[in-house]
Amino acid sequence: MIRRKLHGRGRATVYRAGYNTSRRAYNTEEKGRSMIRIMRYGQDEAEEIFSRTRMPADVEDIVKGIIKDVREGGDASIREYNKRFDGFDYEDFKVSQAEIDRAFEEVDPEFLEVLKEAAENIRAFHSNQVRRGFQMEKEDGIVLGQKVLPIQKVGIYVPGGTAAYPSTVLMNCIPAKLAGCSEIVITTPATGGKVNPNILAAAHIAGATQIFKVGGAQAIAALAYGTETVPQVYKIVGPGNAFVAEAKKQVFGQVAIDMIAGPSEILVLSDGKTRPDFLAADMLSQAEHDKFASAVLITDSQELAENVAQEIEKQLQTLPRQEIARGSIENNGKIIVTDDLEKAVEVSNQIAPEHLELCVEEPFELLEKVTNAGSVFLGRDCPEALGDYFAGPNHTLPTSGTAKFYSPLGVDDFVKRMQYSYYTPEALDKAADKIACFAEKEGLGGHGRSAVIRSRNRGK
């Protein structure tokens, strides 16, 4: 039922590749073709250029009902949702050690080695993010400091609907492990009651402590409030569809969350010298996630724009997830032509994409001008897929323009800071009247009294 509501939307109006405006009429004879919009910055309306995916309007109410069900019904509600959406009705939906052992027997040995190498790359990168506390000692014996402590219990949501993502397991579990989290709980959909073995192998490699066969908004509710089986956690991280994102939004405050992530995005910024087939492939790599994903190219070359549009249609023909990718390209894809690369970077910074590729001659020079992006890929031979799986930087990233104020997931997301102060009697005596002065200006005499009562009555 949830999936029907999510994917049952009608197709939006789209426009033929090569058009310089988004206002041309739709030609019904061209249905079925990839018709990505080509726009000219400064000529087409900014609203069209900077528009983003619109999510289904009824998601909020559906999620509110699911959360209420899980809070009131606990495990019984989880089993009902598992039966309804994933086709199994097991009494025990916790993944057993036997299932993990079997998963290692089922995983392709070559992929298992790749998984381990990717895990090492991710661990090496995120090890540089580990922070220590500090302590400073001042005159009169004053000691001030800060401790950096792990969040003890964290929940990680791993999508498993139209595709399974062991990479998400690595990207979320490894920073949590480096932070020192003692309980790392994974929830993931299990079609027919079986979790994809690649996910289970990745979870074991990354150090997850418990895994549950629960997907969707009901998994977020279970992690936030706890059930008879699923432990309550203090923070929930991980990507998901519109229902998962909305559930995280609704439970925020009960628990912490990493971010409210929207559909996947890629923005490719290129001069006229990059091969069109490379750029088309990179755009489709994100379009194939789901129909709400967006793929954008910004270039200073009209010729390249038209060639990429043609190449996208060519590559769509042989893409295994063609239907999904086509829906994404037609509904949300666009190519923006600017006068020069400087203007292209300005447009990119305003969009603040999740993934940004700089396919230009001197990418490091252009990097200096980038202010808003989740993760940046430099040069013509650094496709975004490197970041998804292997390079090491995290792939859980801010979307929907939130890269203007959010950061990629990292070790900092799994720790909290606790500060402390110590004053000797002599140090407090020196500060007492100053504290009282400040408190008086704020109309809080009791604050001041708590300091001066000590200094004025000391020794009496």
# chains A, B, ... in the order shown; residues from 1 in each chain; ligands from 1

call {"tool": "select_by_dssp", "arguments": {"residues": "segment 185-279 of chain A", "states": "strand (DSSP E or B)", "output": "JSON, numbers by chain"}}
result
{"A": [185, 186, 187, 188, 210, 211, 212, 213, 235, 236, 237, 252, 255, 256, 257, 265, 266, 267, 268, 269, 270]}

call {"tool": "write_last_selection", "arguments": {"atoms": "N, CA, C and O atoms", "output": "PDB file, in the first residue's frame"}}
result
ATOM      1  N   VAL A 185      22.612  -0.821  15.846  1.00  0.00           N
ATOM      2  CA  VAL A 185      21.453  -1.625  15.470  1.00  0.00           C
ATOM      3  C   VAL A 185      21.043  -1.298  14.039  1.00  0.00           C
ATOM      4  O   VAL A 185      20.797  -0.130  13.710  1.00  0.00           O
ATOM      5  N   ILE A 186      20.964  -2.315  13.198  1.00  0.00           N
ATOM      6  CA  ILE A 186      20.551  -2.133  11.804  1.00  0.00           C
ATOM      7  C   ILE A 186      19.131  -2.636  11.620  1.00  0.00           C
ATOM      8  O   ILE A 186      18.760  -3.694  12.120  1.00  0.00           O
ATOM      9  N   THR A 187      18.322  -1.849  10.901  1.00  0.00           N
ATOM     10  CA  THR A 187      17.030  -2.333  10.417  1.00  0.00           C
ATOM     11  C   THR A 187      17.039  -2.248   8.903  1.00  0.00           C
ATOM     12  O   THR A 187      17.558  -1.299   8.320  1.00  0.00           O
ATOM     13  N   THR A 188      16.466  -3.262   8.263  1.00  0.00           N
ATOM     14  CA  THR A 188      16.456  -3.298   6.798  1.00  0.00           C
ATOM     15  C   THR A 188      15.300  -4.167   6.322  1.00  0.00           C
ATOM     16  O   THR A 188      14.935  -5.145   6.988  1.00  0.00           O
ATOM     17  N   GLN A 210      23.400  -5.730  16.181  1.00  0.00           N
ATOM     18  CA  GLN A 210      22.127  -6.414  15.986  1.00  0.00           C
ATOM     19  C   GLN A 210      21.525  -5.991  14.652  1.00  0.00           C
ATOM     20  O   GLN A 210      21.713  -4.848  14.221  1.00  0.00           O
ATOM     21  N   ILE A 211      20.792  -6.916  14.032  1.00  0.00           N
ATOM     22  CA  ILE A 211      20.147  -6.634  12.754  1.00  0.00           C
ATOM     23  C   ILE A 211      18.711  -7.125  12.825  1.00  0.00           C
ATOM     24  O   ILE A 211      18.447  -8.243  13.288  1.00  0.00           O
ATOM     25  N   PHE A 212      17.775  -6.288  12.351  1.00  0.00           N
ATOM     26  CA  PHE A 212      16.361  -6.649  12.387  1.00  0.00           C
ATOM     27  C   PHE A 212      15.744  -6.535  11.003  1.00  0.00           C
ATOM     28  O   PHE A 212      16.056  -5.621  10.236  1.00  0.00           O
ATOM     29  N   LYS A 213      14.838  -7.463  10.720  1.00  0.00           N
ATOM     30  CA  LYS A 213      14.142  -7.496   9.437  1.00  0.00           C
ATOM     31  C   LYS A 213      12.902  -6.594   9.519  1.00  0.00           C
ATOM     32  O   LYS A 213      11.774  -7.050   9.658  1.00  0.00           O
ATOM     33  N   LYS A 235      19.989   7.726  18.563  1.00  0.00           N
ATOM     34  CA  LYS A 235      20.125   8.457  17.298  1.00  0.00           C
ATOM     35  C   LYS A 235      19.885   7.496  16.145  1.00  0.00           C
ATOM     36  O   LYS A 235      20.285   6.326  16.203  1.00  0.00           O
ATOM     37  N   ILE A 236      19.226   7.999  15.089  1.00  0.00           N
ATOM     38  CA  ILE A 236      18.935   7.201  13.902  1.00  0.00           C
ATOM     39  C   ILE A 236      19.591   7.861  12.701  1.00  0.00           C
ATOM     40  O   ILE A 236      19.433   9.064  12.486  1.00  0.00           O
ATOM     41  N   VAL A 237      20.307   7.070  11.917  1.00  0.00           N
ATOM     42  CA  VAL A 237      20.962   7.581  10.715  1.00  0.00           C
ATOM     43  C   VAL A 237      20.643   6.657   9.545  1.00  0.00           C
ATOM     44  O   VAL A 237      20.137   5.557   9.723  1.00  0.00           O
ATOM     45  N   PHE A 252      12.121  13.054  15.349  1.00  0.00           N
ATOM     46  CA  PHE A 252      13.185  13.936  15.816  1.00  0.00           C
ATOM     47  C   PHE A 252      12.742  14.657  17.084  1.00  0.00           C
ATOM     48  O   PHE A 252      11.661  15.231  17.160  1.00  0.00           O
ATOM     49  N   VAL A 255      14.391  11.160  19.457  1.00  0.00           N
ATOM     50  CA  VAL A 255      15.767  10.732  19.199  1.00  0.00           C
ATOM     51  C   VAL A 255      16.433  11.784  18.320  1.00  0.00           C
ATOM     52  O   VAL A 255      15.765  12.630  17.729  1.00  0.00           O
ATOM     53  N   ALA A 256      17.742  11.708  18.219  1.00  0.00           N
ATOM     54  CA  ALA A 256      18.461  12.542  17.256  1.00  0.00           C
ATOM     55  C   ALA A 256      18.449  11.841  15.905  1.00  0.00           C
ATOM     56  O   ALA A 256      18.269  10.625  15.820  1.00  0.00           O
ATOM     57  N   ILE A 257      18.620  12.610  14.846  1.00  0.00           N
ATOM     58  CA  ILE A 257      18.747  12.031  13.503  1.00  0.00           C
ATOM     59  C   ILE A 257      19.942  12.685  12.815  1.00  0.00           C
ATOM     60  O   ILE A 257      20.423  13.731  13.242  1.00  0.00           O
ATOM     61  N   GLU A 265      20.744  12.971  -5.711  1.00  0.00           N
ATOM     62  CA  GLU A 265      20.998  14.039  -6.682  1.00  0.00           C
ATOM     63  C   GLU A 265      22.427  13.952  -7.209  1.00  0.00           C
ATOM     64  O   GLU A 265      23.343  13.594  -6.474  1.00  0.00           O
ATOM     65  N   ILE A 266      22.597  14.291  -8.459  1.00  0.00           N
ATOM     66  CA  ILE A 266      23.936  14.505  -9.003  1.00  0.00           C
ATOM     67  C   ILE A 266      23.914  15.763  -9.860  1.00  0.00           C
ATOM     68  O   ILE A 266      22.950  16.015 -10.597  1.00  0.00           O
ATOM     69  N   LEU A 267      24.949  16.568  -9.715  1.00  0.00           N
ATOM     70  CA  LEU A 267      25.140  17.726 -10.577  1.00  0.00           C
ATOM     71  C   LEU A 267      26.525  17.576 -11.202  1.00  0.00           C
ATOM     72  O   LEU A 267      27.526  17.513 -10.491  1.00  0.00           O
ATOM     73  N   VAL A 268      26.548  17.475 -12.509  1.00  0.00           N
ATOM     74  CA  VAL A 268      27.807  17.356 -13.241  1.00  0.00           C
ATOM     75  C   VAL A 268      28.108  18.704 -13.879  1.00  0.00           C
ATOM     76  O   VAL A 268      27.297  19.229 -14.633  1.00  0.00           O
ATOM     77  N   LEU A 269      29.250  19.264 -13.554  1.00  0.00           N
ATOM     78  CA  LEU A 269      29.669  20.542 -14.126  1.00  0.00           C
ATOM     79  C   LEU A 269      30.815  20.253 -15.086  1.00  0.00           C
ATOM     80  O   LEU A 269      31.844  19.708 -14.688  1.00  0.00           O
ATOM     81  N   SER A 270      30.630  20.600 -16.340  1.00  0.00           N
ATOM     82  CA  SER A 270      31.634  20.227 -17.343  1.00  0.00           C
ATOM     83  C   SER A 270      31.883  21.344 -18.350  1.00  0.00           C
ATOM     84  O   SER A 270      30.974  22.097 -18.712  1.00  0.00           O
TER      85      SER A 270
END

call {"tool": "select_by_dssp", "arguments": {"residues": "segment 84-135 of chain A", "states": "helix (DSSP H, G or I)", "output": "compact mmCIF listing (two decimals) with all heavy atoms, in the first residue's frame"}}
result
# COMPACT_ATOMS: atom_id res chain seq x y z
N ARG A 84 2.47 -7.35 5.40
CA ARG A 84 1.80 -6.56 4.38
C ARG A 84 2.76 -6.11 3.28
O ARG A 84 2.44 -6.16 2.09
CB ARG A 84 1.15 -5.33 5.02
CG ARG A 84 0.25 -4.55 4.07
CD ARG A 84 -0.24 -3.25 4.67
NE ARG A 84 -0.86 -3.41 5.98
CZ ARG A 84 -1.31 -2.41 6.71
NH1 ARG A 84 -1.22 -1.16 6.25
NH2 ARG A 84 -1.85 -2.62 7.88
N PHE A 85 3.96 -5.68 3.66
CA PHE A 85 4.85 -5.06 2.68
C PHE A 85 5.97 -5.97 2.18
O PHE A 85 6.45 -5.81 1.06
CB PHE A 85 5.47 -3.77 3.25
CG PHE A 85 4.45 -2.72 3.57
CD1 PHE A 85 4.37 -2.17 4.84
CD2 PHE A 85 3.55 -2.29 2.61
CE1 PHE A 85 3.42 -1.21 5.14
CE2 PHE A 85 2.60 -1.33 2.90
CZ PHE A 85 2.53 -0.78 4.17
N ASP A 86 6.41 -6.89 3.02
CA ASP A 86 7.56 -7.74 2.63
C ASP A 86 7.22 -9.21 2.53
O ASP A 86 8.10 -10.04 2.25
CB ASP A 86 8.72 -7.52 3.61
CG ASP A 86 9.31 -6.12 3.49
OD1 ASP A 86 9.51 -5.68 2.35
OD2 ASP A 86 9.53 -5.47 4.52
N GLN A 97 22.63 -15.45 14.20
CA GLN A 97 24.01 -15.69 13.82
C GLN A 97 24.10 -16.72 12.71
O GLN A 97 24.95 -16.64 11.82
CB GLN A 97 24.83 -16.16 15.03
CG GLN A 97 26.32 -16.30 14.74
CD GLN A 97 26.99 -15.03 14.27
OE1 GLN A 97 26.79 -13.97 14.88
NE2 GLN A 97 27.74 -15.09 13.19
N ALA A 98 23.18 -17.69 12.73
CA ALA A 98 23.16 -18.72 11.68
C ALA A 98 22.88 -18.09 10.31
O ALA A 98 23.48 -18.49 9.30
CB ALA A 98 22.10 -19.77 12.00
N GLU A 99 22.00 -17.10 10.27
CA GLU A 99 21.70 -16.42 9.01
C GLU A 99 22.92 -15.64 8.51
O GLU A 99 23.19 -15.59 7.31
CB GLU A 99 20.51 -15.47 9.19
CG GLU A 99 19.18 -16.17 9.36
CD GLU A 99 18.04 -15.21 9.61
OE1 GLU A 99 17.92 -14.73 10.76
OE2 GLU A 99 17.25 -14.94 8.69
N ILE A 100 23.64 -15.04 9.45
CA ILE A 100 24.87 -14.31 9.06
C ILE A 100 25.91 -15.28 8.52
O ILE A 100 26.56 -15.01 7.50
CB ILE A 100 25.41 -13.52 10.26
CG1 ILE A 100 24.40 -12.43 10.67
CG2 ILE A 100 26.76 -12.89 9.92
CD1 ILE A 100 24.76 -11.69 11.95
N ASP A 101 26.06 -16.41 9.18
CA ASP A 101 27.02 -17.43 8.72
C ASP A 101 26.67 -17.93 7.32
O ASP A 101 27.55 -18.09 6.46
CB ASP A 101 27.06 -18.60 9.71
CG ASP A 101 27.64 -18.20 11.06
OD1 ASP A 101 28.33 -17.17 11.14
OD2 ASP A 101 27.39 -18.93 12.05
N ARG A 102 25.37 -18.16 7.09
CA ARG A 102 24.94 -18.62 5.76
C ARG A 102 25.19 -17.56 4.71
O ARG A 102 25.53 -17.87 3.56
CB ARG A 102 23.45 -18.98 5.79
CG ARG A 102 23.15 -20.34 6.38
CD ARG A 102 21.75 -20.82 5.98
NE ARG A 102 20.71 -19.90 6.43
CZ ARG A 102 20.14 -19.95 7.63
NH1 ARG A 102 20.52 -20.86 8.51
NH2 ARG A 102 19.18 -19.10 7.95
N ALA A 103 25.03 -16.29 5.10
CA ALA A 103 25.23 -15.20 4.15
C ALA A 103 26.65 -15.22 3.62
O ALA A 103 26.88 -15.02 2.41
CB ALA A 103 24.94 -13.86 4.82
N PHE A 104 27.63 -15.47 4.48
CA PHE A 104 29.02 -15.50 4.03
C PHE A 104 29.27 -16.65 3.05
O PHE A 104 30.15 -16.56 2.19
CB PHE A 104 29.96 -15.61 5.24
CG PHE A 104 30.33 -14.28 5.83
CD1 PHE A 104 29.55 -13.71 6.81
CD2 PHE A 104 31.45 -13.59 5.38
CE1 PHE A 104 29.87 -12.47 7.35
CE2 PHE A 104 31.78 -12.35 5.90
CZ PHE A 104 30.99 -11.79 6.90
N GLU A 105 28.49 -17.72 3.17
CA GLU A 105 28.61 -18.82 2.22
C GLU A 105 27.99 -18.48 0.87
O GLU A 105 28.41 -19.00 -0.17
CB GLU A 105 27.93 -20.07 2.79
CG GLU A 105 28.59 -20.59 4.06
CD GLU A 105 27.81 -21.74 4.69
OE1 GLU A 105 26.76 -22.12 4.10
OE2 GLU A 105 28.21 -22.24 5.76
N GLU A 106 26.99 -17.58 0.89
CA GLU A 106 26.27 -17.23 -0.33
C GLU A 106 26.91 -16.07 -1.10
O GLU A 106 26.72 -15.95 -2.30
CB GLU A 106 24.82 -16.87 0.01
CG GLU A 106 24.03 -18.01 0.61
CD GLU A 106 22.64 -17.58 1.05
OE1 GLU A 106 22.17 -16.52 0.60
OE2 GLU A 106 22.04 -18.29 1.87
N PRO A 109 32.67 -14.75 -3.59
CA PRO A 109 33.98 -14.54 -2.95
C PRO A 109 34.72 -13.30 -3.47
O PRO A 109 35.38 -12.60 -2.70
CB PRO A 109 34.74 -15.82 -3.30
CG PRO A 109 33.69 -16.85 -3.52
CD PRO A 109 32.54 -16.11 -4.13
N GLU A 110 34.60 -13.04 -4.77
CA GLU A 110 35.26 -11.86 -5.32
C GLU A 110 34.66 -10.58 -4.72
O GLU A 110 35.40 -9.66 -4.35
CB GLU A 110 35.12 -11.84 -6.84
CG GLU A 110 35.82 -10.64 -7.50
CD GLU A 110 35.60 -10.59 -9.00
OE1 GLU A 110 34.87 -11.44 -9.54
OE2 GLU A 110 36.16 -9.67 -9.65
N PHE A 111 33.33 -10.56 -4.62
CA PHE A 111 32.69 -9.38 -4.04
C PHE A 111 33.05 -9.23 -2.56
O PHE A 111 33.21 -8.11 -2.07
CB PHE A 111 31.17 -9.45 -4.19
CG PHE A 111 30.45 -8.31 -3.52
CD1 PHE A 111 30.62 -7.00 -3.98
CD2 PHE A 111 29.65 -8.53 -2.42
CE1 PHE A 111 29.98 -5.94 -3.36
CE2 PHE A 111 29.01 -7.47 -1.78
CZ PHE A 111 29.18 -6.17 -2.26
N LEU A 112 33.19 -10.34 -1.88
CA LEU A 112 33.54 -10.28 -0.46
C LEU A 112 34.89 -9.59 -0.27
O LEU A 112 35.07 -8.78 0.64
CB LEU A 112 33.58 -11.69 0.13
CG LEU A 112 33.70 -11.79 1.64
CD1 LEU A 112 32.54 -11.09 2.34
CD2 LEU A 112 33.77 -13.26 2.07
N GLU A 113 35.84 -9.87 -1.15
CA GLU A 113 37.15 -9.22 -1.08
C GLU A 113 37.04 -7.73 -1.39
O GLU A 113 37.69 -6.89 -0.76
CB GLU A 113 38.13 -9.90 -2.04
CG GLU A 113 38.53 -11.30 -1.62
CD GLU A 113 39.04 -11.36 -0.19
OE1 GLU A 113 39.94 -10.56 0.15
OE2 GLU A 113 38.55 -12.20 0.59
N VAL A 114 36.20 -7.39 -2.38
CA VAL A 114 35.97 -5.98 -2.70
C VAL A 114 35.33 -5.27 -1.51
O VAL A 114 35.70 -4.14 -1.16
CB VAL A 114 35.07 -5.85 -3.95
CG1 VAL A 114 34.66 -4.40 -4.17
CG2 VAL A 114 35.80 -6.38 -5.19
N LEU A 115 34.39 -5.94 -0.87
CA LEU A 115 33.70 -5.39 0.29
C LEU A 115 34.70 -5.07 1.41
O LEU A 115 34.66 -4.00 2.02
CB LEU A 115 32.66 -6.39 0.77
CG LEU A 115 31.47 -5.90 1.60
CD1 LEU A 115 30.65 -4.87 0.83
CD2 LEU A 115 30.60 -7.09 1.98
N LYS A 116 35.62 -5.99 1.64
CA LYS A 116 36.62 -5.80 2.69
C LYS A 116 37.58 -4.65 2.35
O LYS A 116 37.95 -3.87 3.22
CB LYS A 116 37.41 -7.10 2.91
CG LYS A 116 36.59 -8.21 3.53
CD LYS A 116 37.40 -9.49 3.65
CE LYS A 116 36.57 -10.63 4.27
NZ LYS A 116 37.34 -11.89 4.33
N GLU A 117 37.96 -4.56 1.07
CA GLU A 117 38.86 -3.48 0.67
C GLU A 117 38.17 -2.12 0.77
O GLU A 117 38.77 -1.14 1.23
CB GLU A 117 39.37 -3.71 -0.75
CG GLU A 117 40.46 -2.74 -1.16
CD GLU A 117 41.05 -3.02 -2.53
OE1 GLU A 117 40.74 -4.08 -3.11
OE2 GLU A 117 41.82 -2.18 -3.03
N ALA A 118 36.91 -2.08 0.35
CA ALA A 118 36.15 -0.84 0.47
C ALA A 118 36.02 -0.44 1.94
O ALA A 118 36.15 0.75 2.29
CB ALA A 118 34.76 -1.02 -0.14
N ALA A 119 35.78 -1.40 2.81
CA ALA A 119 35.67 -1.12 4.24
C ALA A 119 36.96 -0.52 4.78
O ALA A 119 36.94 0.42 5.59
CB ALA A 119 35.32 -2.40 5.00
N GLU A 120 38.10 -1.02 4.32
CA GLU A 120 39.39 -0.48 4.77
C GLU A 120 39.59 0.95 4.28
O GLU A 120 40.10 1.80 5.01
CB GLU A 120 40.54 -1.38 4.29
CG GLU A 120 40.70 -2.64 5.10
CD GLU A 120 40.84 -2.34 6.59
OE1 GLU A 120 41.68 -1.49 6.98
OE2 GLU A 120 40.08 -2.92 7.39
N ASN A 121 39.17 1.22 3.04
CA ASN A 121 39.28 2.59 2.52
C ASN A 121 38.41 3.56 3.33
O ASN A 121 38.82 4.68 3.65
CB ASN A 121 38.84 2.62 1.05
CG ASN A 121 39.82 1.91 0.13
OD1 ASN A 121 40.96 1.65 0.51
ND2 ASN A 121 39.37 1.58 -1.06
N ILE A 122 37.19 3.12 3.64
CA ILE A 122 36.27 3.96 4.42
C ILE A 122 36.82 4.17 5.83
O ILE A 122 36.78 5.27 6.37
CB ILE A 122 34.87 3.30 4.46
CG1 ILE A 122 34.28 3.25 3.05
CG2 ILE A 122 33.94 4.06 5.41
CD1 ILE A 122 33.10 2.31 2.90
N ARG A 123 37.35 3.11 6.41
CA ARG A 123 37.91 3.20 7.77
C ARG A 123 39.11 4.14 7.79
O ARG A 123 39.26 4.96 8.71
CB ARG A 123 38.29 1.80 8.24
CG ARG A 123 38.60 1.70 9.73
CD ARG A 123 38.77 0.26 10.17
NE ARG A 123 37.50 -0.47 10.14
CZ ARG A 123 37.21 -1.45 9.29
NH1 ARG A 123 38.10 -1.82 8.38
NH2 ARG A 123 36.04 -2.06 9.34
N ALA A 124 39.96 4.05 6.79
CA ALA A 124 41.16 4.90 6.75
C ALA A 124 40.79 6.37 6.64
O ALA A 124 41.37 7.23 7.31
CB ALA A 124 42.04 4.48 5.57
N PHE A 125 39.81 6.67 5.78
CA PHE A 125 39.39 8.07 5.61
C PHE A 125 38.77 8.60 6.90
O PHE A 125 39.12 9.69 7.38
CB PHE A 125 38.38 8.17 4.46
CG PHE A 125 37.87 9.57 4.24
CD1 PHE A 125 38.56 10.46 3.44
CD2 PHE A 125 36.68 9.99 4.84
CE1 PHE A 125 38.09 11.76 3.24
CE2 PHE A 125 36.19 11.29 4.64
CZ PHE A 125 36.90 12.17 3.84
N HIS A 126 37.85 7.85 7.49
CA HIS A 126 37.13 8.34 8.66
C HIS A 126 37.96 8.33 9.93
O HIS A 126 37.62 9.03 10.90
CB HIS A 126 35.84 7.55 8.83
CG HIS A 126 34.81 7.84 7.79
ND1 HIS A 126 34.84 7.29 6.52
CD2 HIS A 126 33.72 8.65 7.81
CE1 HIS A 126 33.82 7.75 5.82
NE2 HIS A 126 33.12 8.57 6.58
N SER A 127 39.04 7.58 9.95
CA SER A 127 39.93 7.60 11.11
C SER A 127 40.50 9.00 11.35
O SER A 127 40.80 9.37 12.49
CB SER A 127 41.08 6.61 10.92
OG SER A 127 40.59 5.28 10.93

call {"tool": "closest_residue", "arguments": {"among": "A:Ala431, A:Cys437, A:Met35, A:Cys173", "to": "Ile142 of chain A", "atoms": "only C-alpha atoms"}}
result
A:Ala431

call {"tool": "atom_distance", "arguments": {"atom1": "atom CA of His355 of chain A", "atom2": "atom CA of Ser285 of chain A"}}
result
11.3 Å

call {"tool": "residues_around", "arguments": {"residues": "Glu228 of chain A", "least_positions_apart": "4", "cutoff": "10 Å", "atoms": "only C-alpha atoms", "output": "count of residues only"}}
result
6

call {"tool": "atom_distance", "arguments": {"atom1": "atom CA of Gly262 of chain A", "atom2": "atom CA of Thr399 of chain A"}}
result
5.6 Å

call {"tool": "residues_around", "arguments": {"residues": "Thr191 of chain A", "least_positions_apart": "5", "cutoff": "10 Å", "atoms": "only C-alpha atoms", "output": "list in words"}}
result
Asn82, Lys83, Phe85, Asp86, Gly87, Phe88, Gly160, Gly161, Asn196, Lys213, Val214 and Gly215 of chain A

call {"tool": "closest_residue", "arguments": {"among": "A:Gly42, A:Gly448, A:Pro239, A:Gly155", "to": "Gly226 of chain A", "atoms": "only C-alpha atoms"}}
result
A:Gly155

call {"tool": "atom_distance", "arguments": {"atom1": "atom CA of Phe50 of chain A", "atom2": "atom CA of Asp300 of chain A"}}
result
17.3 Å
